[in-house]
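Undergrad: For reference, this is start07.cif, and it has mmCIF, C-alpha atoms.
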data_entry
#
loop_
_atom_site.label_atom_id
_atom_site.label_comp_id
_atom_site.auth_asym_id
_atom_site.auth_seq_id
_atom_site.Cartn_x
_atom_site.Cartn_y
_atom_site.Cartn_z
CA MET F 11 -138.25 15.45 40.23
CA GLN F 12 -140.40 12.31 40.00
CA ALA F 13 -143.41 14.31 38.88
CA GLU F 14 -141.27 15.99 36.25
CA LEU F 15 -140.05 12.69 34.82
CA TYR F 16 -143.61 11.45 34.70
CA LYS F 17 -144.83 14.58 32.96
CA GLN F 18 -142.18 14.31 30.28
CA THR F 19 -142.51 10.59 29.52
CA ALA F 20 -146.02 9.49 30.47
CA SER F 21 -147.64 10.04 27.07
CA LYS F 22 -145.01 7.89 25.31
CA MET F 23 -145.21 5.21 27.96
CA LEU F 24 -148.98 5.17 27.84
CA MET F 25 -148.76 4.42 24.13
CA VAL F 26 -146.60 1.40 24.90
CA CYS F 27 -149.18 0.21 27.41
CA MET F 28 -152.01 0.83 24.96
CA ARG F 29 -150.59 -1.68 22.49
CA TYR F 30 -150.64 -4.38 25.12
CA ALA F 31 -153.94 -3.50 26.71
CA LYS F 32 -157.52 -3.84 25.54
CA ASP F 33 -158.45 -0.25 26.27
CA LYS F 34 -157.20 2.95 27.85
CA MET F 35 -158.40 2.04 31.32
CA GLU F 36 -156.35 -1.13 31.40
CA ALA F 37 -153.42 0.69 29.85
CA GLU F 38 -153.47 3.29 32.60
CA ASP F 39 -153.52 0.59 35.25
CA VAL F 40 -150.39 -0.88 33.71
CA LEU F 41 -148.88 2.60 33.39
CA GLN F 42 -149.43 3.22 37.07
CA ILE F 43 -147.72 0.00 38.16
CA GLY F 44 -144.97 0.59 35.62
CA TYR F 45 -144.09 4.03 36.99
CA ILE F 46 -144.00 2.74 40.54
CA LYS F 47 -141.52 0.10 39.38
CA ILE F 48 -139.49 2.67 37.49
CA PHE F 49 -139.09 4.84 40.57
CA GLN F 50 -138.27 1.84 42.72
CA LYS F 51 -135.61 0.59 40.33
CA ILE F 52 -134.27 3.90 39.13
CA ARG F 53 -130.99 3.39 41.00
CA GLU F 54 -130.44 0.17 39.08
CA TYR F 55 -130.30 2.01 35.78
CA ARG F 56 -126.66 1.73 34.75
CA GLY F 57 -126.74 4.03 31.77
CA GLU F 58 -126.72 1.14 29.32
CA GLY F 59 -128.84 2.16 26.39
CA SER F 60 -131.19 5.11 26.49
CA PHE F 61 -133.14 5.87 29.62
CA GLU F 62 -136.32 5.92 27.61
CA GLY F 63 -135.54 2.44 26.31
CA TRP F 64 -135.01 1.27 29.89
CA MET F 65 -138.37 2.73 30.91
CA ARG F 66 -140.06 1.12 27.91
CA ARG F 67 -138.72 -2.29 28.87
CA ILE F 68 -140.13 -1.91 32.37
CA MET F 69 -143.51 -0.92 30.92
CA VAL F 70 -143.50 -3.87 28.52
CA HIS F 71 -142.62 -6.28 31.31
CA THR F 72 -145.31 -4.84 33.52
CA ALA F 73 -147.84 -5.23 30.73
CA ILE F 74 -146.75 -8.79 30.02
CA GLU F 75 -147.02 -9.68 33.71
CA SER F 76 -150.56 -8.41 33.91
CA TYR F 77 -151.69 -10.45 30.89
CA ARG F 78 -149.53 -13.52 31.27
CA LYS F 79 -151.97 -15.12 33.65
CA ASN F 80 -154.46 -15.26 30.78
CA LEU F 81 -152.03 -17.30 28.74
CA LYS F 82 -151.79 -20.44 30.80
CA TYR F 83 -153.44 -22.65 28.23
CA LEU F 84 -151.79 -20.92 25.30
CA GLY F 85 -149.02 -23.47 24.92
CA HIS F 86 -151.47 -26.37 24.72
CA VAL F 87 -153.86 -25.00 22.19
CA GLN F 88 -153.12 -26.32 18.76
CA ILE F 89 -153.32 -23.38 16.50
CA GLU F 90 -154.17 -24.18 12.92
CA GLU F 91 -151.63 -22.99 10.45
CA ALA F 92 -152.29 -19.41 9.70
CA PHE F 93 -154.33 -18.85 6.65
CA GLU F 94 -151.99 -17.20 4.20
CA GLN F 95 -153.32 -14.07 2.67
CA PRO F 96 -151.98 -12.78 -0.61
CA SER F 97 -150.12 -9.89 0.93
CA THR F 98 -149.16 -8.05 -2.21
CA GLY F 99 -150.01 -4.43 -2.62
CA PHE F 100 -150.63 -3.85 1.01
CA ASP F 101 -151.27 -0.21 1.62
CA PHE F 102 -151.59 1.37 5.02
CA GLY F 103 -151.97 4.73 3.40
CA THR F 104 -155.45 5.46 4.56
CA LEU F 105 -155.03 3.88 8.00
CA GLY F 106 -153.77 5.97 10.84
CA MET F 107 -152.06 4.89 14.00
CA GLN F 108 -155.36 4.93 15.85
CA ASP F 109 -156.86 2.44 13.37
CA LEU F 110 -153.96 0.06 13.78
CA LEU F 111 -154.17 0.41 17.54
CA ASN F 112 -157.84 -0.48 17.48
CA ILE F 113 -157.11 -3.59 15.45
CA ILE F 114 -154.30 -4.71 17.74
CA GLN F 115 -156.43 -4.18 20.82
CA LYS F 116 -159.09 -6.46 19.38
CA LEU F 117 -156.65 -9.38 19.19
CA ALA F 118 -156.81 -12.12 21.78
CA ASP F 119 -154.30 -11.65 24.61
CA GLY F 120 -151.81 -14.23 23.33
CA TYR F 121 -151.73 -12.90 19.78
CA ARG F 122 -151.48 -9.35 20.98
CA LEU F 123 -148.58 -10.03 23.31
CA VAL F 124 -146.59 -12.05 20.81
CA PHE F 125 -147.16 -9.64 17.95
CA ASN F 126 -146.17 -6.64 20.05
CA MET F 127 -143.11 -8.33 21.44
CA TYR F 128 -141.88 -9.65 18.11
CA ALA F 129 -142.94 -7.02 15.57
CA ILE F 130 -142.59 -3.83 17.59
CA GLU F 131 -140.28 -4.55 20.53
CA GLY F 132 -138.03 -6.76 18.44
CA TYR F 133 -137.84 -9.78 20.78
CA SER F 134 -136.75 -13.12 19.32
CA HIS F 135 -139.04 -16.15 19.51
CA LYS F 136 -136.66 -17.60 22.05
CA GLU F 137 -137.00 -14.56 24.32
CA ILE F 138 -140.76 -14.51 23.88
CA ALA F 139 -141.00 -18.19 24.69
CA GLU F 140 -138.94 -17.71 27.87
CA THR F 141 -140.81 -14.60 28.96
CA LEU F 142 -144.26 -16.02 28.42
CA GLY F 143 -143.45 -19.54 29.49
CA ILE F 144 -144.51 -21.09 26.18
CA SER F 145 -142.66 -23.04 23.51
CA GLU F 146 -140.88 -21.32 20.64
CA GLY F 147 -143.20 -23.15 18.25
CA ALA F 148 -146.21 -21.70 20.04
CA SER F 149 -144.66 -18.26 19.80
CA LYS F 150 -144.16 -18.65 16.04
CA SER F 151 -147.65 -19.91 15.35
CA GLN F 152 -149.16 -17.18 17.54
CA LEU F 153 -147.26 -14.62 15.55
CA SER F 154 -148.31 -15.85 12.13
CA ARG F 155 -151.90 -16.18 13.27
CA ALA F 156 -151.79 -12.67 14.68
CA ARG F 157 -150.46 -11.31 11.40
CA ALA F 158 -153.19 -13.09 9.43
CA ILE F 159 -155.91 -11.64 11.63
CA LEU F 160 -154.40 -8.17 11.41
CA ARG F 161 -154.31 -8.35 7.60
CA GLU F 162 -157.94 -9.36 7.46
CA GLU F 163 -158.89 -6.54 9.77
CA ILE F 164 -156.88 -4.02 7.85
CA ILE F 165 -158.53 -5.01 4.58
CA LYS F 166 -161.95 -4.72 6.17
CA MET F 167 -161.15 -1.35 7.63
CA GLU F 168 -159.73 -0.02 4.37
CA ALA F 169 -162.85 -1.13 2.63
CA ILE F 170 -164.97 0.76 5.12
CA ASN F 171 -162.77 3.82 4.83
CA TYR F 172 -162.90 3.60 1.05
CA ALA F 173 -166.68 3.31 1.14
CA SER F 174 -167.06 6.29 3.42
CA HIS F 175 -164.71 8.40 1.32
CA THR F 176 -166.35 7.65 -2.00
CA GLY F 177 -169.85 7.18 -0.76
CA MET Y 11 -140.62 -14.30 0.01
CA HIS Y 12 -143.17 -14.54 2.74
CA HIS Y 13 -140.49 -13.72 5.20
CA THR Y 14 -139.67 -10.34 3.72
CA GLN Y 15 -143.38 -9.55 3.37
CA ASP Y 16 -143.89 -10.31 7.01
CA LYS Y 17 -140.97 -8.12 7.94
CA GLU Y 18 -142.40 -5.34 5.87
CA PHE Y 19 -145.78 -5.81 7.45
CA ASP Y 20 -144.33 -5.67 10.96
CA ARG Y 21 -142.29 -2.59 10.12
CA LEU Y 22 -145.38 -0.70 9.01
CA PHE Y 23 -146.83 -1.17 12.47
CA LYS Y 24 -143.59 -0.34 14.19
CA ASP Y 25 -143.18 2.88 12.24
CA ARG Y 26 -146.70 3.99 13.06
CA PHE Y 27 -146.24 3.37 16.78
CA ASP Y 28 -142.66 4.51 17.27
CA GLN Y 29 -143.36 8.17 17.89
CA ALA Y 30 -146.96 7.79 18.92
CA GLU Y 31 -148.06 9.36 22.19
CA LEU Y 32 -151.24 9.48 24.16
CA GLU Y 33 -151.87 11.83 27.05
CA PRO Y 34 -152.83 9.97 30.25
CA SER Y 35 -155.90 10.97 32.26
CA ALA Y 36 -155.39 14.07 34.35
CA GLY Y 37 -155.54 12.50 37.80
CA LEU Y 38 -153.23 9.56 37.15
CA TRP Y 39 -150.10 11.03 38.72
CA ASP Y 40 -152.05 11.71 41.90
CA LYS Y 41 -152.72 7.99 42.11
CA ILE Y 42 -149.08 7.09 41.51
CA GLU Y 43 -147.40 9.54 43.85
CA PRO Y 44 -148.74 8.22 47.18
CA GLN Y 45 -147.54 4.74 46.25
CA LEU Y 46 -143.94 5.83 45.80
CA GLN Y 47 -141.51 5.06 48.58
CA PRO Y 48 -140.83 8.08 50.75
CA ALA Y 49 -137.21 7.01 51.20
CA VAL Y 50 -135.83 9.92 49.22
CA LYS Y 51 -137.93 12.57 50.88
CA LYS Y 52 -136.97 12.10 54.48
CA HIS Y 53 -133.42 11.40 55.53
CA PHE Y 54 -133.61 8.60 58.02
CA PRO Y 55 -130.81 8.57 60.59
CA VAL Y 56 -129.55 5.13 59.64
CA TYR Y 57 -126.12 5.58 61.20
CA TRP Y 58 -127.65 6.81 64.41
CA MET Y 59 -129.85 3.78 64.66
CA ALA Y 60 -126.96 1.47 63.89
CA ALA Y 61 -124.88 3.13 66.58
CA ALA Y 62 -127.69 2.94 69.09
CA LEU Y 63 -128.30 -0.73 68.39
CA ALA Y 64 -124.62 -1.55 68.67
CA ALA Y 65 -124.40 0.31 71.97
CA LEU Y 66 -127.46 -1.48 73.28
CA ALA Y 67 -126.16 -4.88 72.28
CA LEU Y 68 -122.83 -4.21 73.95
CA THR Y 69 -124.59 -2.89 77.02
CA ALA Y 70 -126.70 -5.98 77.33
CA GLY Y 71 -123.60 -8.14 77.06
CA LEU Y 72 -121.77 -6.02 79.56
CA LEU Y 73 -124.51 -6.14 82.16
CA PHE Y 74 -124.72 -9.85 81.78
CA ILE Y 75 -121.01 -10.40 82.13
CA ASN Y 76 -120.57 -8.04 85.03
CA LYS Y 77 -123.18 -9.39 87.37
CA PRO Y 78 -121.01 -11.89 89.22
CA GLU Y 79 -118.32 -9.27 89.84
CA LYS Y 80 -120.50 -7.10 92.01
CA ILE Y 81 -119.50 -8.85 95.17
CA ARG Y 82 -115.85 -8.19 94.55
CA LEU Y 83 -116.62 -4.52 94.03
CA GLN Y 84 -118.15 -4.22 97.44
CA GLY Y 85 -115.08 -5.72 98.98
CA GLN Y 86 -112.97 -2.90 97.61
CA GLN Y 87 -115.27 -0.13 98.62
CA GLU Y 88 -115.03 -1.31 102.15
CA ASN Y 89 -111.91 0.73 102.75
CA MET Y 90 -113.42 3.98 101.73
CA ALA Y 91 -116.48 3.38 103.79
CA ARG Y 92 -114.58 2.71 106.93
CA VAL Y 93 -112.66 5.91 106.64
CA GLU Y 94 -115.82 7.90 106.53
CA ASP Y 95 -116.96 6.46 109.77
CA LYS Y 96 -113.91 7.41 111.74
CA PRO Y 97 -115.57 8.42 115.01
CA VAL Y 98 -117.25 5.10 115.18
CA THR Y 99 -116.37 2.35 117.54
CA PRO Y 100 -115.47 -0.60 115.37
CA VAL Y 101 -117.51 -3.65 115.39
CA VAL Y 102 -117.40 -6.79 117.32
CA ASN Y 103 -117.24 -9.75 115.14
CA ASN Y 104 -116.72 -13.41 115.59
CA ASN Y 105 -117.21 -14.51 112.05
CA THR Y 106 -115.53 -13.34 108.86
CA SER Y 107 -118.44 -13.81 106.52
CA ASP Y 108 -120.53 -11.54 108.67
CA ARG Y 109 -117.95 -8.86 108.25
CA THR Y 110 -118.75 -8.49 104.60
CA ALA Y 111 -122.22 -7.51 105.54
CA ILE Y 112 -120.99 -4.85 107.89
CA GLN Y 113 -118.86 -3.31 105.26
CA GLU Y 114 -121.75 -3.09 102.89
CA VAL Y 115 -123.82 -1.34 105.44
CA GLU Y 116 -121.13 1.20 105.99
CA ILE Y 117 -120.90 1.88 102.32
CA SER Y 118 -124.52 2.58 102.22
CA SER Y 119 -124.05 5.22 104.82
CA VAL Y 120 -121.45 6.92 102.68
CA VAL Y 121 -123.38 6.90 99.51
CA SER Y 122 -126.72 7.92 100.77
CA GLY Y 123 -125.35 10.53 103.13
CA GLU Y 124 -128.44 11.11 105.14
CA SER Y 125 -128.41 7.68 106.62
CA ASP Y 126 -124.95 8.28 108.08
CA LYS Y 127 -126.12 8.55 111.62
CA LYS Y 128 -128.23 5.48 111.65
CA VAL Y 129 -125.33 3.29 110.74
CA SER Y 130 -122.64 5.18 112.53
CA ILE Y 131 -122.44 2.46 115.09
CA PRO Y 132 -120.84 -0.47 113.38
CA VAL Y 133 -122.91 -3.52 113.41
CA VAL Y 134 -122.79 -7.19 112.90
CA VAL Y 135 -125.44 -8.61 110.73
CA PRO Y 136 -126.83 -12.06 111.12
CA ALA Y 137 -125.88 -14.42 108.35
CA SER Y 138 -129.40 -14.53 106.99
CA ALA Y 139 -129.54 -10.78 106.56
CA LYS Y 140 -126.26 -10.83 104.74
CA LYS Y 141 -127.67 -13.18 102.16
CA ASP Y 142 -130.39 -10.72 101.31
CA LEU Y 143 -127.88 -7.99 100.83
CA ILE Y 144 -125.94 -9.88 98.26
CA VAL Y 145 -129.01 -10.69 96.34
CA MET Y 146 -129.88 -7.06 96.15
CA GLN Y 147 -126.51 -5.78 95.10
CA PRO Y 148 -127.10 -5.58 91.36
CA ILE Y 149 -129.70 -2.87 91.83
CA PRO Y 150 -127.67 0.26 92.45
CA THR Y 151 -130.36 2.58 93.72
CA ASP Y 152 -130.60 4.59 96.87
CA ASP Y 153 -133.76 2.81 97.84
CA HIS Y 154 -132.08 -0.48 98.18
CA LEU Y 155 -129.47 1.00 100.40
CA LYS Y 156 -132.15 2.14 102.79
CA VAL Y 157 -133.57 -1.29 102.78
CA ILE Y 158 -130.21 -2.60 103.77
CA VAL Y 159 -130.12 -0.30 106.73
CA GLU Y 160 -133.39 -1.68 107.89
CA HIS Y 161 -132.18 -5.20 107.56
CA VAL Y 162 -129.18 -4.36 109.54
CA LYS Y 163 -130.97 -2.81 112.48
CA PRO Y 164 -131.08 -5.86 114.66
CA VAL Y 165 -127.51 -5.69 115.75
CA VAL Y 166 -125.38 -8.11 117.66
CA GLN Y 167 -122.23 -6.89 119.27
CA GLN Y 168 -119.53 -9.25 120.23
CA SER Y 169 -115.91 -9.10 121.18
CA ALA Y 170 -115.52 -5.46 120.30
CA GLU Y 171 -111.84 -5.24 121.04
CA THR Y 172 -110.63 -7.76 118.50
CA LEU Y 173 -112.49 -6.19 115.67
CA GLN Y 174 -111.48 -2.70 116.66
CA GLU Y 175 -107.83 -3.49 116.20
CA GLU Y 176 -108.47 -5.07 112.87
CA GLY Y 177 -110.61 -2.19 111.73
CA GLN Y 178 -108.09 0.46 112.54
CA LYS Y 179 -105.41 -1.32 110.61
CA THR Y 180 -107.65 -1.29 107.63
CA LEU Y 181 -108.34 2.37 108.16
CA ALA Y 182 -104.70 3.28 108.05
CA ALA Y 183 -104.13 1.32 104.91
CA ALA Y 184 -107.16 2.75 103.23
CA GLY Y 185 -106.53 6.37 104.13
CA THR Y 186 -104.84 7.27 100.88
CA GLU Y 187 -107.45 5.78 98.64
CA MET Y 188 -110.35 7.36 100.34
CA ASN Y 189 -111.01 10.47 98.27
CA GLU Y 190 -111.13 9.32 94.71
CA PRO Y 191 -113.68 6.53 94.78
CA ASP Y 192 -115.89 8.67 96.91
CA LYS Y 193 -115.97 11.41 94.36
CA VAL Y 194 -116.72 9.07 91.53
CA ILE Y 195 -119.73 7.75 93.29
CA ASN Y 196 -121.06 11.07 94.50
CA ASP Y 197 -120.59 12.81 91.18
CA ASN Y 198 -122.95 10.26 89.79
CA GLU Y 199 -122.72 9.75 86.03
CA GLN Y 200 -121.32 13.22 85.48
CA ALA Y 201 -118.04 12.06 86.98
CA GLU Y 202 -115.01 13.57 85.35
CA ARG Y 203 -113.03 11.16 83.24
CA LYS Y 204 -109.49 10.30 84.10
CA GLY Y 205 -108.62 8.30 81.02
CA ILE Y 206 -110.37 5.23 79.75
CA ARG Y 207 -110.11 2.50 82.29
CA ASN Y 208 -112.97 0.24 81.43
CA PHE Y 209 -115.59 -0.49 78.89
CA GLY Y 210 -118.06 2.02 80.26
CA ASP Y 211 -115.49 4.78 79.93
CA LEU Y 212 -114.83 3.77 76.36
CA VAL Y 213 -118.48 3.87 75.43
CA ASN Y 214 -118.99 7.18 77.21
CA TYR Y 215 -115.99 8.64 75.41
CA VAL Y 216 -117.18 7.58 71.97
CA VAL Y 217 -120.73 8.69 72.65
CA ASP Y 218 -119.48 12.09 73.88
CA LYS Y 219 -117.68 12.57 70.59
CA VAL Y 220 -120.68 11.69 68.52
CA ASP Y 221 -123.67 12.80 70.55
CA LYS Y 222 -123.58 16.43 71.60
CA ARG Y 223 -126.92 16.42 73.37
CA GLU Y 224 -127.36 17.00 77.07
CA GLN Y 225 -128.68 13.50 77.52
CA LYS Y 226 -126.48 11.10 75.61
CA ILE Y 227 -127.68 8.22 73.56
CA VAL Y 228 -126.20 5.88 76.13
CA ARG Y 229 -124.39 6.67 79.35
CA PHE Y 230 -122.47 4.42 81.70
CA LYS Y 231 -121.59 4.99 85.25
CA THR Y 232 -118.00 4.03 85.71
CA ASP Y 233 -115.88 3.79 88.79
CA ASP Y 234 -112.39 2.84 89.67
CA ASP Y 235 -112.65 -0.85 89.98
CA ASP Y 236 -113.26 -1.62 86.33
CA GLU Y 237 -116.94 -1.68 86.97
CA SER Y 238 -119.45 -0.15 84.55
CA SER Y 239 -123.15 0.02 84.72
CA LEU Y 240 -125.66 1.52 82.41
CA VAL Y 241 -127.36 4.55 83.85
CA ALA Y 242 -129.08 6.28 80.96
CA ILE Y 243 -130.30 5.67 77.46
CA ASN Y 244 -131.68 8.28 75.09
CA ILE Y 245 -132.57 7.16 71.60
CA GLY Y 246 -134.94 9.94 70.70
CA PHE Y 247 -138.24 8.26 71.42
CA ILE Y 248 -136.83 5.87 74.00
CA LYS Y 249 -135.48 7.47 77.15
CA PHE Y 250 -134.27 5.71 80.21
CA ASN Y 251 -132.67 7.68 82.97
CA PRO Y 252 -133.45 6.47 86.46
CA LYS Y 253 -131.04 8.95 88.04
CA LYS Y 254 -132.38 12.18 86.66
CA HIS Y 255 -130.71 15.11 88.26
CA LYS Y 256 -132.79 17.08 90.68
#
Can the structure from this file be put into structure tokens for me?

TA:
Amino acid sequence: MQAELYKQTASKMLMVCMRYAKDKMEAEDVLQIGYIKIFQKIREYRGEGSFEGWMRRIMVHTAIESYRKNLKYLGHVQIEEAFEQPSTGFDFGTLGMQDLLNIIQKLADGYRLVFNMYAIEGYSHKEIAETLGISEGASKSQLSRARAILREEIIKMEAINYASHTG
Amino acid sequence: MHHTQDKEFDRLFKDRFDQAELEPSAGLWDKIEPQLQPAVKKHFPVYWMAAALAALALTAGLLFINKPEKIRLQGQQENMARVEDKPVTPVVNNNTSDRTAIQEVEISSVVSGESDKKVSIPVVVPASAKKDLIVMQPIPTDDHLKVIVEHVKPVVQQSAETLQEEGQKTLAAAGTEMNEPDKVINDNEQAERKGIRNFGDLVNYVVDKVDKREQKIVRFKTDDDDESSLVAINIGFIKFNPKKHK
């Protein structure tokens, strides 16, 4: 029963963990703790929303917990206003999911957490601020900085891909 | 303007990741499984444990409360004991407190059977010996009864006639009550129940309903004078039964 649930959901859940982690090893550590929590709390699931969504939230919280300790100075660091890229004509066409994952995993912990929580999980800045114990302003500036870095990285990567295709 | 671009940018990521999957390493489940709580696998007898604990708590309270009453109990058994010793010449006694001691000795002869002859001659116990007896009352074992007999050995006989009269009166009065208490004691804890008269009976009754084993989870010895004492406990791994049947 438990093994069956794991077998059917683990690959999706591991992908959630991968976005928050630096590599697969860390992601699997989070996955492990996350499943233990899921089986401990499974009686608390009240059928509100999809079960998969409930599992995802547990995974996300587990991931956040394991990286939050690295964020303690995050709120104090004055982050310079994100350098605004001209974002017109942005094309992900040549970039696959694995490329984007690699870029996200290269982000510093704070950027990675905030970007994941806001852009993919759909948390508000207020929720992020409460969850991470930072100010809403810090959450916003982390997000815009994260986006700026991601854009730069994407452009670089597309250039490399373009070179390798045409070269 | 920027806002919508950012939204668009975020959505591109979200779309890429939404259905993405990655197969975990092969041995990962084997690391998770041993860390899961075994609660679901084995059904733990929670109700049993609760019942056992409740019974134990009540028992402890009961034993504590009952201790002072032991002396009164002996006073009532006196009648029965005297009847048993019919052929005996009643005792000489010049002192009422000493009489209590005699009665206790006679009871011991009834209960332990084999010591009948030793005590068949009624005796008067010195006051000091009597004190010891009372101290020992709360331990209802055959051993202690034998000890009593020893204590009693040094006998003093005085004014036999007066006590004889008194004793026979008691005998007559006690004649009717003689059988029942005797049986209760001799049947040990297997005594048949004649309704629920005291707390021990109540517990025994409830436990009988619930626990169908030979040795019950908790067993009280009960007798007719509202007296109960714990004689056996069996909570699976904990067993206490000082009066195991031969």

Undergrad: I need the output of the PyMOL selection byres ((chain F) within 8 of (chain Y)) for this file as a PDB file with C-alpha atoms, in the frame of the given file; which residues are they?

TA:
ATOM      1  CA  ALA F  13    -143.410  14.310  38.880  1.00  0.00           C
ATOM      2  CA  TYR F  16    -143.610  11.450  34.700  1.00  0.00           C
ATOM      3  CA  ALA F  20    -146.020   9.490  30.470  1.00  0.00           C
ATOM      4  CA  SER F  21    -147.640  10.040  27.070  1.00  0.00           C
ATOM      5  CA  LYS F  22    -145.010   7.890  25.310  1.00  0.00           C
ATOM      6  CA  MET F  23    -145.210   5.210  27.960  1.00  0.00           C
ATOM      7  CA  LEU F  24    -148.980   5.170  27.840  1.00  0.00           C
ATOM      8  CA  MET F  25    -148.760   4.420  24.130  1.00  0.00           C
ATOM      9  CA  GLU F  38    -153.470   3.290  32.600  1.00  0.00           C
ATOM     10  CA  GLN F  42    -149.430   3.220  37.070  1.00  0.00           C
ATOM     11  CA  ILE F  43    -147.720   0.000  38.160  1.00  0.00           C
ATOM     12  CA  TYR F  45    -144.090   4.030  36.990  1.00  0.00           C
ATOM     13  CA  ILE F  46    -144.000   2.740  40.540  1.00  0.00           C
ATOM     14  CA  PHE F  49    -139.090   4.840  40.570  1.00  0.00           C
ATOM     15  CA  GLN F  50    -138.270   1.840  42.720  1.00  0.00           C
ATOM     16  CA  SER F  97    -150.120  -9.890   0.930  1.00  0.00           C
ATOM     17  CA  PHE F 102    -151.590   1.370   5.020  1.00  0.00           C
ATOM     18  CA  GLY F 106    -153.770   5.970  10.840  1.00  0.00           C
ATOM     19  CA  MET F 107    -152.060   4.890  14.000  1.00  0.00           C
ATOM     20  CA  LEU F 110    -153.960   0.060  13.780  1.00  0.00           C
ATOM     21  CA  ALA F 129    -142.940  -7.020  15.570  1.00  0.00           C
ATOM     22  CA  ILE F 130    -142.590  -3.830  17.590  1.00  0.00           C
ATOM     23  CA  ARG F 157    -150.460 -11.310  11.400  1.00  0.00           C
TER      24      ARG F 157
END

Undergrad: May I ask for the distance between atom CA of Tyr128 of chain F and atom CA of Asp33 of chain F, given in Å to one decimal place?

TA: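 These two atoms are separated by 20.7 Å.
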
Undergrad: Do a neighbour search on Ile113 of chain F at 12 Å with only C-alpha atoms, toss out local chain neighbours closer than 5 positions, and write the hits as a PyMOL selection string.

TA: (chain F and resi 28-33+105-108+118+121-122+125+156-168) or (chain Y and resi 23)

Undergrad: With all atoms listed in the file as the basis for distance, which of F:Tyr172, F:Tyr133, F:Phe61, F:Tyr77 is at the shortest distance from Glu36 of chain F?

TA: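 So, comparing all the options, the nearest one is F:Tyr77.
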
Undergrad: Please output segment 159-171 of chain F, rebuilt to include N, CA and C atoms, as an mmCIF file, in the frame of the given file.

TA:
data_model
loop_
_atom_site.group_PDB
_atom_site.id
_atom_site.type_symbol
_atom_site.label_atom_id
_atom_site.label_comp_id
_atom_site.auth_asym_id
_atom_site.auth_seq_id
_atom_site.Cartn_x
_atom_site.Cartn_y
_atom_site.Cartn_z
ATOM 1 N N ILE F 159 -154.716 -12.337 11.151
ATOM 2 C CA ILE F 159 -155.910 -11.640 11.630
ATOM 3 C C ILE F 159 -155.781 -10.128 11.369
ATOM 4 N N LEU F 160 -154.610 -9.609 11.631
ATOM 5 C CA LEU F 160 -154.400 -8.170 11.410
ATOM 6 C C LEU F 160 -154.624 -7.796 9.952
ATOM 7 N N ARG F 161 -154.114 -8.636 9.042
ATOM 8 C CA ARG F 161 -154.310 -8.350 7.600
ATOM 9 C C ARG F 161 -155.790 -8.311 7.253
ATOM 10 N N GLU F 162 -156.490 -9.334 7.725
ATOM 11 C CA GLU F 162 -157.940 -9.360 7.460
ATOM 12 C C GLU F 162 -158.600 -8.088 7.944
ATOM 13 N N GLU F 163 -158.264 -7.715 9.164
ATOM 14 C CA GLU F 163 -158.890 -6.540 9.770
ATOM 15 C C GLU F 163 -158.546 -5.265 9.013
ATOM 16 N N ILE F 164 -157.291 -5.220 8.579
ATOM 17 C CA ILE F 164 -156.880 -4.020 7.850
ATOM 18 C C ILE F 164 -157.653 -3.897 6.535
ATOM 19 N N ILE F 165 -157.794 -5.041 5.855
ATOM 20 C CA ILE F 165 -158.530 -5.010 4.580
ATOM 21 C C ILE F 165 -159.969 -4.557 4.810
ATOM 22 N N LYS F 166 -160.575 -5.123 5.853
ATOM 23 C CA LYS F 166 -161.950 -4.720 6.170
ATOM 24 C C LYS F 166 -162.023 -3.215 6.420
ATOM 25 N N MET F 167 -161.114 -2.754 7.228
ATOM 26 C CA MET F 167 -161.150 -1.350 7.630
ATOM 27 C C MET F 167 -160.918 -0.423 6.439
ATOM 28 N N GLU F 168 -159.989 -0.848 5.556
ATOM 29 C CA GLU F 168 -159.730 -0.020 4.370
ATOM 30 C C GLU F 168 -160.971 0.046 3.480
ATOM 31 N N ALA F 169 -161.637 -1.096 3.443
ATOM 32 C CA ALA F 169 -162.850 -1.130 2.630
ATOM 33 C C ALA F 169 -163.885 -0.148 3.187
ATOM 34 N N ILE F 170 -164.014 -0.163 4.492
ATOM 35 C CA ILE F 170 -164.970 0.760 5.120
ATOM 36 C C ILE F 170 -164.563 2.204 4.859
ATOM 37 N N ASN F 171 -163.248 2.445 5.058
ATOM 38 C CA ASN F 171 -162.770 3.820 4.830
ATOM 39 C C ASN F 171 -163.001 4.240 3.385
#
